[in-house]
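Just model.csv here, CSV, C-alpha atoms:
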chain,number,residue,atom,x,y,z
A,15,MET,CA,-27.0,-11.2,-18.3
A,16,SER,CA,-27.0,-12.9,-21.7
A,17,TRP,CA,-24.4,-14.6,-23.9
A,18,LYS,CA,-24.7,-11.7,-26.3
A,19,THR,CA,-23.8,-9.3,-23.4
A,20,PHE,CA,-20.8,-11.4,-22.4
A,21,ILE,CA,-19.5,-11.6,-25.9
A,22,GLU,CA,-19.1,-7.9,-25.7
A,23,LYS,CA,-17.6,-7.9,-22.2
A,24,GLN,CA,-15.6,-11.1,-22.0
A,25,LYS,CA,-15.3,-12.2,-25.6
A,26,THR,CA,-12.8,-15.1,-25.3
A,27,ALA,CA,-14.5,-16.9,-22.4
A,28,ALA,CA,-18.0,-16.3,-23.8
A,29,THR,CA,-17.0,-17.5,-27.3
A,30,ILE,CA,-15.5,-20.7,-26.0
A,31,PHE,CA,-18.6,-21.5,-24.0
A,32,THR,CA,-21.1,-20.6,-26.7
A,33,HIS,CA,-19.3,-22.6,-29.3
A,34,ALA,CA,-19.2,-25.6,-26.9
A,35,LEU,CA,-22.9,-25.2,-26.1
A,36,ARG,CA,-23.9,-25.1,-29.8
A,37,LYS,CA,-21.8,-28.2,-30.6
A,38,ASN,CA,-22.8,-29.9,-27.3
A,39,GLU,CA,-19.1,-30.4,-26.6
A,40,LEU,CA,-18.6,-28.9,-23.1
A,41,SER,CA,-15.4,-30.0,-21.3
A,42,HIS,CA,-15.8,-31.8,-18.0
A,43,ALA,CA,-13.9,-29.0,-16.0
A,44,TYR,CA,-13.2,-25.3,-16.5
A,45,ILE,CA,-11.2,-22.8,-14.5
A,46,LEU,CA,-12.6,-19.3,-14.7
A,47,GLU,CA,-9.8,-17.0,-13.6
A,48,GLY,CA,-9.4,-13.2,-13.5
A,49,PRO,CA,-9.8,-10.1,-11.3
A,50,LYS,CA,-12.8,-9.7,-9.0
A,51,GLY,CA,-15.8,-8.1,-10.6
A,52,THR,CA,-15.1,-9.3,-14.1
A,53,GLY,CA,-18.2,-11.6,-14.3
A,54,LYS,CA,-16.9,-15.0,-13.5
A,55,ARG,CA,-19.8,-15.8,-11.1
A,56,GLU,CA,-22.3,-14.3,-13.4
A,57,MET,CA,-21.1,-16.4,-16.3
A,58,ALA,CA,-21.1,-19.5,-14.2
A,59,LYS,CA,-24.8,-18.8,-13.3
A,60,LEU,CA,-25.6,-18.1,-17.0
A,61,LEU,CA,-24.0,-21.4,-18.1
A,62,ALA,CA,-26.1,-23.2,-15.4
A,63,GLN,CA,-29.3,-21.6,-16.6
A,64,THR,CA,-28.4,-22.4,-20.2
A,65,LEU,CA,-27.9,-26.1,-19.4
A,66,PHE,CA,-31.1,-26.4,-17.3
A,67,CYS,CA,-33.5,-23.9,-18.8
A,68,GLU,CA,-36.9,-25.3,-19.8
A,69,ASN,CA,-37.6,-22.6,-22.4
A,70,ARG,CA,-34.2,-22.0,-24.0
A,71,LYS,CA,-34.1,-20.1,-27.3
A,72,GLY,CA,-30.9,-21.3,-29.0
A,73,ILE,CA,-28.3,-21.0,-26.3
A,74,GLU,CA,-30.0,-18.1,-24.4
A,75,PRO,CA,-31.9,-19.1,-21.3
A,76,CYS,CA,-35.3,-17.5,-20.6
A,77,HIS,CA,-34.4,-16.4,-17.0
A,78,GLU,CA,-38.0,-16.9,-16.1
A,79,CYS,CA,-38.8,-20.6,-16.0
A,80,ARG,CA,-38.8,-22.6,-12.7
A,81,ASN,CA,-35.2,-23.9,-13.3
A,82,CYS,CA,-33.8,-20.5,-14.2
A,83,ARG,CA,-35.4,-19.0,-11.0
A,84,ARG,CA,-34.1,-21.9,-8.8
A,85,ILE,CA,-30.6,-21.5,-10.2
A,86,ALA,CA,-30.7,-17.7,-9.6
A,87,SER,CA,-31.6,-18.5,-5.9
A,88,ARG,CA,-29.0,-21.4,-5.8
A,89,ASN,CA,-31.7,-23.9,-5.1
A,90,HIS,CA,-31.5,-26.5,-8.0
A,91,PRO,CA,-30.9,-30.1,-6.9
A,92,ASP,CA,-28.5,-30.9,-9.7
A,93,ILE,CA,-26.2,-27.9,-9.1
A,94,VAL,CA,-23.8,-27.8,-6.1
A,95,TRP,CA,-22.2,-24.5,-5.2
A,96,VAL,CA,-19.2,-24.6,-2.9
A,97,LYS,CA,-17.5,-21.7,-1.1
A,98,LYS,CA,-15.7,-21.3,2.2
A,99,GLU,CA,-18.0,-21.2,5.2
A,100,GLU,CA,-18.6,-17.8,6.7
A,101,ASP,CA,-16.5,-18.4,9.8
A,102,ALA,CA,-13.7,-20.2,8.0
A,103,THR,CA,-10.6,-19.1,6.1
A,104,LEU,CA,-10.4,-22.1,3.7
A,105,ILE,CA,-12.6,-24.5,1.9
A,106,LYS,CA,-12.5,-27.7,3.9
A,107,LYS,CA,-11.9,-31.2,2.8
A,108,GLU,CA,-15.4,-32.1,4.2
A,109,GLN,CA,-17.0,-29.8,1.7
A,110,ILE,CA,-15.3,-31.5,-1.2
A,111,THR,CA,-16.1,-34.9,0.2
A,112,TYR,CA,-19.8,-33.9,0.3
A,113,LEU,CA,-19.5,-32.7,-3.3
A,114,THR,CA,-18.0,-35.9,-4.6
A,115,ARG,CA,-20.6,-38.0,-2.7
A,116,GLU,CA,-23.4,-35.9,-4.2
A,117,PHE,CA,-22.0,-36.5,-7.7
A,118,ALA,CA,-21.7,-40.2,-7.2
A,119,TYR,CA,-25.5,-40.3,-7.4
A,120,ARG,CA,-27.5,-39.9,-10.5
A,121,SER,CA,-28.9,-36.5,-11.3
A,122,VAL,CA,-32.2,-35.9,-9.6
A,123,GLU,CA,-34.1,-34.1,-12.4
A,124,SER,CA,-31.7,-33.7,-15.4
A,125,GLN,CA,-29.3,-35.5,-17.6
A,126,ILE,CA,-26.4,-33.5,-16.3
A,127,LYS,CA,-24.9,-32.3,-13.0
A,128,LEU,CA,-22.9,-29.2,-12.4
A,129,PHE,CA,-20.7,-28.0,-9.5
A,130,ILE,CA,-19.3,-24.6,-9.0
A,131,ILE,CA,-16.5,-23.8,-6.6
A,132,GLU,CA,-16.1,-20.1,-5.7
A,133,ASP,CA,-12.6,-18.9,-4.7
A,134,ALA,CA,-11.2,-22.2,-5.6
A,135,ASP,CA,-7.7,-21.0,-4.6
A,136,LEU,CA,-8.9,-21.1,-0.9
A,137,MET,CA,-9.2,-24.9,-0.8
A,138,SER,CA,-7.1,-26.5,1.9
A,139,THR,CA,-4.4,-28.9,0.7
A,140,GLN,CA,-6.6,-31.8,1.7
A,141,ALA,CA,-9.6,-30.4,-0.1
A,142,ALA,CA,-7.6,-29.7,-3.3
A,143,ASN,CA,-6.2,-33.3,-3.3
A,144,SER,CA,-9.7,-34.7,-2.9
A,145,LEU,CA,-10.9,-32.6,-5.8
A,146,LEU,CA,-8.0,-33.6,-7.9
A,147,LYS,CA,-9.0,-37.3,-7.6
A,148,PHE,CA,-12.5,-36.4,-8.6
A,149,ILE,CA,-11.4,-34.4,-11.7
A,150,GLU,CA,-9.0,-37.1,-12.8
A,151,GLU,CA,-11.9,-39.6,-13.0
A,152,PRO,CA,-15.0,-37.5,-13.8
A,153,HIS,CA,-18.4,-39.0,-13.7
A,154,GLN,CA,-20.3,-39.0,-16.9
A,155,ASN,CA,-22.4,-35.9,-17.7
A,156,THR,CA,-20.8,-33.7,-15.1
A,157,VAL,CA,-19.3,-30.3,-15.5
A,158,ALA,CA,-17.1,-28.5,-13.0
A,159,LEU,CA,-16.5,-24.8,-12.8
A,160,LEU,CA,-13.7,-23.5,-10.6
A,161,LEU,CA,-13.7,-19.7,-10.0
A,162,THR,CA,-10.5,-17.9,-8.8
A,163,GLU,CA,-8.8,-14.6,-8.7
A,164,HIS,CA,-5.4,-16.3,-8.0
A,165,ILE,CA,-4.9,-19.2,-10.4
A,166,HIS,CA,-1.2,-19.6,-9.4
A,167,GLN,CA,-2.4,-20.8,-6.0
A,168,LEU,CA,-4.2,-23.8,-7.4
A,169,LEU,CA,-2.4,-27.1,-7.8
A,170,ASP,CA,-0.6,-27.5,-11.1
A,171,THR,CA,-2.2,-30.9,-11.5
A,172,ILE,CA,-5.7,-29.4,-11.1
A,173,ILE,CA,-4.9,-26.7,-13.7
A,174,SER,CA,-3.6,-29.2,-16.2
A,175,ARG,CA,-6.9,-31.1,-16.1
A,176,CYS,CA,-9.1,-28.1,-16.7
A,177,GLN,CA,-9.7,-25.8,-19.5
A,178,VAL,CA,-8.6,-22.3,-18.3
A,179,LEU,CA,-10.7,-19.3,-19.3
A,180,THR,CA,-9.2,-16.0,-18.5
A,181,PHE,CA,-11.4,-13.0,-17.7
A,182,SER,CA,-9.8,-9.7,-18.6
A,183,ALA,CA,-10.1,-6.6,-16.4
A,184,LEU,CA,-13.1,-4.4,-17.1
A,185,SER,CA,-12.9,-1.4,-19.4
A,186,ARG,CA,-13.2,1.9,-17.6
A,187,LYS,CA,-16.7,2.4,-18.9
A,188,ASP,CA,-17.8,-1.1,-17.9
A,189,LEU,CA,-16.3,-0.6,-14.5
A,190,GLU,CA,-18.0,2.7,-14.0
A,191,ASP,CA,-21.3,1.2,-15.1
A,192,LYS,CA,-20.9,-1.7,-12.7
A,193,LEU,CA,-20.1,0.6,-9.8
A,194,ILE,CA,-23.3,2.7,-10.6
A,195,GLU,CA,-25.3,-0.6,-10.6
A,196,GLN,CA,-24.1,-1.1,-7.1
A,197,GLY,CA,-25.5,2.2,-6.0
A,198,ILE,CA,-22.3,4.3,-6.3
A,199,SER,CA,-22.9,7.9,-7.4
A,200,LYS,CA,-21.7,8.7,-10.9
A,201,PRO,CA,-19.1,11.3,-9.8
A,202,LEU,CA,-17.4,8.8,-7.5
A,203,ALA,CA,-17.8,5.9,-9.9
A,204,ALA,CA,-16.3,7.9,-12.8
A,205,LEU,CA,-13.3,9.1,-10.6
A,206,SER,CA,-12.5,5.7,-9.0
A,207,SER,CA,-12.6,3.9,-12.4
A,208,GLN,CA,-9.9,6.3,-13.6
A,209,LEU,CA,-7.7,5.3,-10.7
A,210,THR,CA,-7.9,1.5,-11.1
A,211,ASN,CA,-9.4,-1.1,-13.4
A,212,ARG,CA,-10.0,-3.5,-10.5
A,213,TYR,CA,-13.5,-3.7,-9.3
A,214,ASP,CA,-12.6,-4.6,-5.7
A,215,GLU,CA,-10.2,-1.6,-5.5
A,216,ALA,CA,-12.7,0.8,-7.1
A,217,ILE,CA,-15.5,-0.2,-4.8
A,218,SER,CA,-13.1,0.2,-1.8
A,219,TYR,CA,-12.3,3.8,-2.9
A,220,CYS,CA,-16.0,4.6,-3.4
A,221,LYS,CA,-17.0,3.4,0.1
A,222,ASP,CA,-14.0,5.2,1.8
A,223,GLU,CA,-15.0,8.5,3.3
A,224,TRP,CA,-11.3,9.6,3.0
A,225,PHE,CA,-11.6,9.3,-0.8
A,226,ALA,CA,-14.8,11.3,-1.1
A,227,ASN,CA,-13.2,14.0,1.0
A,228,ALA,CA,-10.0,13.9,-1.1
A,229,ARG,CA,-12.2,14.6,-4.1
A,230,LEU,CA,-13.8,17.6,-2.4
A,231,LEU,CA,-10.4,19.0,-1.3
A,232,VAL,CA,-9.1,18.9,-4.9
A,233,ILE,CA,-12.2,20.7,-6.1
A,234,GLN,CA,-11.8,23.3,-3.3
A,235,LEU,CA,-8.1,23.8,-4.2
A,236,GLU,CA,-8.9,24.3,-7.9
A,237,GLN,CA,-11.5,26.9,-6.9
A,238,LYS,CA,-8.9,28.7,-4.8
A,239,LEU,CA,-6.3,28.6,-7.6
A,240,PHE,CA,-8.7,30.3,-10.0
A,241,ASN,CA,-10.3,32.8,-7.7
A,242,SER,CA,-7.4,34.0,-5.6
A,243,THR,CA,-3.8,34.7,-6.2
A,244,GLN,CA,-2.5,33.6,-2.8
A,245,ALA,CA,-5.1,31.1,-1.5
A,246,GLY,CA,-3.6,28.0,-3.1
A,247,LEU,CA,-0.8,27.5,-0.6
A,248,SER,CA,-2.9,28.4,2.4
A,249,THR,CA,-5.6,25.9,1.3
A,250,MET,CA,-2.9,23.3,0.9
A,251,TYR,CA,-1.4,23.9,4.4
A,252,GLU,CA,-4.8,24.1,6.1
A,253,LEU,CA,-6.7,21.4,4.4
A,254,PHE,CA,-4.5,19.2,2.2
A,255,ALA,CA,-1.6,18.6,4.6
A,256,PRO,CA,-3.8,17.1,7.4
A,257,HIS,CA,-5.7,14.9,5.0
A,258,PHE,CA,-2.9,13.4,2.8
A,259,LYS,CA,-0.4,11.7,5.1
A,260,ASP,CA,1.7,9.3,3.1
A,261,GLN,CA,3.2,8.8,-0.3
A,262,LYS,CA,0.3,6.8,-1.6
A,263,GLN,CA,-2.3,9.4,-0.5
A,264,TRP,CA,-0.3,12.2,-2.0
A,265,ASP,CA,-0.1,10.3,-5.3
A,266,ILE,CA,-3.8,9.9,-5.3
A,267,ALA,CA,-4.1,13.7,-4.7
A,268,LEU,CA,-1.9,14.3,-7.8
A,269,ASP,CA,-4.0,11.9,-9.9
A,270,LEU,CA,-7.2,13.7,-8.8
A,271,LEU,CA,-5.6,17.0,-9.8
A,272,LEU,CA,-4.5,15.6,-13.1
A,273,PHE,CA,-8.0,14.4,-14.0
A,274,TRP,CA,-9.3,17.9,-13.4
A,275,TYR,CA,-6.9,19.4,-15.9
A,276,ARG,CA,-7.5,16.6,-18.3
A,277,ASP,CA,-11.2,17.4,-18.1
A,278,MET,CA,-10.4,21.0,-19.1
A,279,MET,CA,-8.5,19.7,-22.1
A,280,SER,CA,-11.4,17.4,-23.0
A,281,ILE,CA,-13.7,20.5,-22.9
A,282,HIS,CA,-11.3,22.4,-25.1
A,283,LEU,CA,-11.4,19.5,-27.6
A,284,ASP,CA,-15.2,19.2,-27.4
A,285,ARG,CA,-15.1,15.7,-25.8
A,286,LEU,CA,-17.6,16.3,-23.1
A,287,SER,CA,-18.4,12.6,-22.7
A,288,GLU,CA,-14.8,12.1,-21.4
A,289,VAL,CA,-15.2,14.5,-18.5
A,290,VAL,CA,-14.6,12.8,-15.2
A,291,TYR,CA,-15.8,15.5,-12.8
A,292,CYS,CA,-19.2,15.4,-14.5
A,293,ASP,CA,-21.0,17.2,-11.7
A,294,LYS,CA,-18.7,20.2,-12.0
A,295,LEU,CA,-19.1,20.7,-15.7
A,296,ASP,CA,-20.2,24.3,-15.5
A,297,GLU,CA,-17.2,25.2,-13.3
A,298,LEU,CA,-14.8,23.4,-15.6
A,299,LYS,CA,-16.1,25.2,-18.6
A,300,SER,CA,-15.7,28.5,-16.8
A,301,GLN,CA,-12.1,27.7,-15.9
A,302,THR,CA,-11.4,26.4,-19.4
A,303,LEU,CA,-12.3,29.8,-20.9
A,304,GLN,CA,-9.4,31.3,-18.8
A,305,LYS,CA,-6.7,28.9,-20.1
A,306,SER,CA,-5.3,28.1,-23.5
A,307,LEU,CA,-4.8,24.5,-24.5
A,308,GLN,CA,-1.0,25.0,-24.2
A,309,HIS,CA,-1.4,26.3,-20.6
A,310,ILE,CA,-3.5,23.3,-19.6
A,311,ALA,CA,-0.9,21.0,-21.2
A,312,ASP,CA,1.9,22.8,-19.2
A,313,ASP,CA,-0.1,22.3,-16.0
A,314,MET,CA,-0.5,18.6,-16.7
A,315,ALA,CA,3.2,18.4,-17.3
A,316,TYR,CA,3.9,20.0,-13.9
A,317,ILE,CA,1.6,17.4,-12.2
A,318,LEU,CA,3.3,14.5,-13.9
A,319,LYS,CA,6.7,15.9,-12.8
A,320,ALA,CA,5.4,16.0,-9.3
A,321,LYS,CA,4.3,12.4,-9.5
A,322,ARG,CA,7.9,11.4,-10.6
A,323,GLN,CA,9.3,13.3,-7.6
A,324,LEU,CA,7.1,11.4,-5.3
A,325,LEU,CA,8.4,8.1,-6.8
A,326,SER,CA,11.9,9.4,-5.9
A,327,HIS,CA,10.7,9.7,-2.3
A,328,VAL,CA,10.6,13.5,-2.2
A,329,ASN,CA,8.5,14.6,0.7
A,330,GLY,CA,4.8,14.9,-0.4
A,331,LEU,CA,4.3,18.3,1.2
A,332,SER,CA,7.4,19.7,-0.5
A,333,VAL,CA,6.2,18.3,-3.9
A,334,MET,CA,2.8,20.0,-3.5
A,335,GLU,CA,4.3,23.3,-2.4
A,336,GLU,CA,6.4,23.5,-5.6
A,337,LEU,CA,3.5,22.3,-7.7
A,338,ILE,CA,1.0,24.8,-6.4
A,339,VAL,CA,3.4,27.7,-7.0
A,340,LYS,CA,3.7,26.6,-10.6
A,341,LEU,CA,-0.1,26.1,-11.0
A,342,GLN,CA,-0.7,29.4,-9.3
A,343,GLY,CA,1.4,31.1,-11.9
A,344,GLU,CA,-0.5,29.5,-14.7
A,345,ALA,CA,-4.0,30.1,-13.2

Let's see the structure in the file written out as structure tokens.
Amino acid sequence: MSWKTFIEKQKTAATIFTHALRKNELSHAYILEGPKGTGKREMAKLLAQTLFCENRKGIEPCHECRNCRRIASRNHPDIVWVKKEEDATLIKKEQITYLTREFAYRSVESQIKLFIIEDADLMSTQAANSLLKFIEEPHQNTVALLLTEHIHQLLDTIISRCQVLTFSALSRKDLEDKLIEQGISKPLAALSSQLTNRYDEAISYCKDEWFANARLLVIQLEQKLFNSTQAGLSTMYELFAPHFKDQKQWDIALDLLLFWYRDMMSIHLDRLSEVVYCDKLDELKSQTLQKSLQHIADDMAYILKAKRQLLSHVNGLSVMEELIVKLQGEA
């Protein structure tokens, strides 16, 4: 990661940090808040490497010097990382006490000391009060970074003494790329990033066998709708009904169907880069040849109506029966 990259992904937070670094005007405490997966931890590490890098070029760290490597492995003596212990549910007061004791000493190698608290909203009441005292009377040449997904759970008095940097949710493309970086296949990454803009929710979908099977069932249903005049309902009864068991799951089924028809519309409009079912492009192209743009728009309208019916607590199976009859007529 570089500041240039972060300017593109999290412009506001990166701009504030880069301006402060160039002016040598860092505040003593920052809160980095926003959804999981938006780069808070990565930016904290980048700031640390920028401050301690031995071969910095402007404000960009080299990532290769001894200090950059030690920071990457969380092994620099002038940086303290704090997070809840593995067997605990909260960050304990003793951890903050250790932190404040460490910062009472002079830095070991540098002119500055930095501490980073991950999931700062998980501090116990005692830990939060101990940290508040420390932030109210900061030691010279110290910088604090508090990372959180739930800023409303922090003490108001802590928030008021920190500069708050909000990290926005990832764009769909950034989320898809991040999932692929984590080893998720492109088809699943593309599909899950259409369902949510939250990294933690998207990764949960991708690692859930139910979701992968749901995708396969939607593809099978579409194959039946286009290849047989009566197979749509039988496929729904035999395969869909046992797999989709509640309103939320039926809603996901409808979203996955909607994306399929939206892909056909994208192909009609020559927007192949927007296709979500990217591994089924040939099949989508074949089906698109059989439907006019108006028919595809009508099918999408049927699916959106079905989603509204679900919101009105109509039985999911009944909603799908009616929808498939309509789609079957348009196939």

Subject >> Exercise: Leu205 of chain A partners within 8 Å, only C-alpha atoms, chain neighbours under 3 positions left out, as a list in words >> reply: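 The contact residues come out as Pro201, Leu202, Gln208, Leu209, Leu270, Val290 and Tyr291 of chain A.
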
Review point. Between A:Trp17, A:Phe129, A:Phe258, A:Tyr316, which has the minimum distance to Tyr275 of chain A (counting only C-alpha atoms)?
Key: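 The closest residue to Tyr275 of chain A is A:Tyr316.
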
Min atom-atom distance to Ser124 of chain A from the set A:Thr52, A:Thr302, A:Asn155, A:Ser326, counting all atoms listed in the file, belongs to A:Asn155

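Atom pair atom CA of Gly53 of chain A / atom CA of Met15 of chain A has a distance of 9.7 Å (rounded to one decimal).
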
Using only C-alpha atoms, can you tell me which of A:Asn38, A:Thr19, A:Asn329, A:Asn241 comes closest to Trp264 of chain A?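 Checking each of A:Asn38, A:Thr19, A:Asn329, A:Asn241 against Trp264 of chain A, counting only C-alpha atoms, the winner is A:Asn329.
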
- [ ] Measuring atom to atom with only C-alpha atoms, identify which of A:Lys187, A:Lys259, A:His327, A:Lys221 is nearest to Ser287 of chain A.
- [x]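 Among A:Lys187, A:Lys259, A:His327, A:Lys221, it is A:Lys187 that comes nearest to Ser287 of chain A.
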
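One finds atom CA of Thr162 of chain A at 17.7 Å from atom CA of Lys107 of chain A.
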
Selection near Asp312 of chain A, 12 Å with all atoms listed in the file, sequence-local residues under 3 positions removed, as a JSON list (two decimals) with C-alpha atoms, keeping the file's coordinate frame:
[["chain", "number", "residue", "atom", "x", "y", "z"],
["A", 272, "LEU", "CA", -4.50, 15.60, -13.10],
["A", 275, "TYR", "CA", -6.90, 19.40, -15.90],
["A", 276, "ARG", "CA", -7.50, 16.60, -18.30],
["A", 279, "MET", "CA", -8.50, 19.70, -22.10],
["A", 305, "LYS", "CA", -6.70, 28.90, -20.10],
["A", 306, "SER", "CA", -5.30, 28.10, -23.50],
["A", 307, "LEU", "CA", -4.80, 24.50, -24.50],
["A", 308, "GLN", "CA", -1.00, 25.00, -24.20],
["A", 309, "HIS", "CA", -1.40, 26.30, -20.60],
["A", 315, "ALA", "CA", 3.20, 18.40, -17.30],
["A", 316, "TYR", "CA", 3.90, 20.00, -13.90],
["A", 317, "ILE", "CA", 1.60, 17.40, -12.20],
["A", 318, "LEU", "CA", 3.30, 14.50, -13.90],
["A", 319, "LYS", "CA", 6.70, 15.90, -12.80],
["A", 337, "LEU", "CA", 3.50, 22.30, -7.70],
["A", 340, "LYS", "CA", 3.70, 26.60, -10.60],
["A", 341, "LEU", "CA", -0.10, 26.10, -11.00],
["A", 343, "GLY", "CA", 1.40, 31.10, -11.90],
["A", 344, "GLU", "CA", -0.50, 29.50, -14.70],
["A", 345, "ALA", "CA", -4.00, 30.10, -13.20]]

Show me, as lines of an AutoDock Vina configuration file, the centre and edge lengths in Å to one decimal of the axis-aligned box that covers every listed atom of segment 221-231 of chain A with 3 Å on each side.
center_x = -13.5
center_y = 11.2
center_z = -0.4
size_x = 13.0
size_y = 21.6
size_z = 13.4

From the list A:Leu113, A:Cys176, A:Val94, A:Met314, the nearest residue to Ile45 of chain A using all atoms listed in the file is A:Cys176

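Computed from the coordinates, the atom CA of His33 of chain A to atom CA of Glu68 of chain A distance equals 20.2 Å.
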
- [ ] Taking the point (-26.1, -25.7, -16.6) as given in the file, collect each protein or nucleic acid residue that comes within 10 Å of it, counting all atoms listed in the file, and present the set as a PyMOL selection string.
- [x] chain A and resi 58-67+75+81-82+85+92-93+124+126-129+156-157

My list of candidates is A:Phe225, A:Phe148, A:Tyr44, A:Phe117. Which is closest to Ile266 of chain A when distances are computed with only C-alpha atoms?
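Going through A:Phe225, A:Phe148, A:Tyr44, A:Phe117 one by one, the smallest distance to Ile266 of chain A is for A:Phe225.
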
- Message: List the spatial neighbours of Lys37 of chain A as a VMD selection string - criterion: any atom at most 12 Å away, all atoms listed in the file, same-chain residues fewer than 5 positions off excluded.
- Response: chain A and resid 30 to 32 72 to 73

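With only C-alpha atoms taken into account, every residue lying no more than 6 Å from the file point (-14.2, -19.9, -8.0) is included here: Ile131, Glu132, Asp133, Ala134, Leu160, Leu161 and Thr162 of chain A.
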
For Cys292 of chain A, find every residue with an atom within 12 Å (counting all atoms listed in the file), except residues of its own chain fewer than 3 positions away, and show them as a PyMOL selection string.
chain A and resi 199-205+273-274+277-278+280-281+286-289+295-299

Could the residues in this selection be written to a file with C-alpha atoms, as a short mmCIF file (atom, residue, chain, number, x, y, z; two decimals), in the frame of the given file?
data_model
loop_
_atom_site.label_atom_id
_atom_site.label_comp_id
_atom_site.auth_asym_id
_atom_site.auth_seq_id
_atom_site.Cartn_x
_atom_site.Cartn_y
_atom_site.Cartn_z
CA SER A 199 -22.90 7.90 -7.40
CA LYS A 200 -21.70 8.70 -10.90
CA PRO A 201 -19.10 11.30 -9.80
CA LEU A 202 -17.40 8.80 -7.50
CA ALA A 203 -17.80 5.90 -9.90
CA ALA A 204 -16.30 7.90 -12.80
CA LEU A 205 -13.30 9.10 -10.60
CA PHE A 273 -8.00 14.40 -14.00
CA TRP A 274 -9.30 17.90 -13.40
CA ASP A 277 -11.20 17.40 -18.10
CA MET A 278 -10.40 21.00 -19.10
CA SER A 280 -11.40 17.40 -23.00
CA ILE A 281 -13.70 20.50 -22.90
CA LEU A 286 -17.60 16.30 -23.10
CA SER A 287 -18.40 12.60 -22.70
CA GLU A 288 -14.80 12.10 -21.40
CA VAL A 289 -15.20 14.50 -18.50
CA LEU A 295 -19.10 20.70 -15.70
CA ASP A 296 -20.20 24.30 -15.50
CA GLU A 297 -17.20 25.20 -13.30
CA LEU A 298 -14.80 23.40 -15.60
CA LYS A 299 -16.10 25.20 -18.60
#
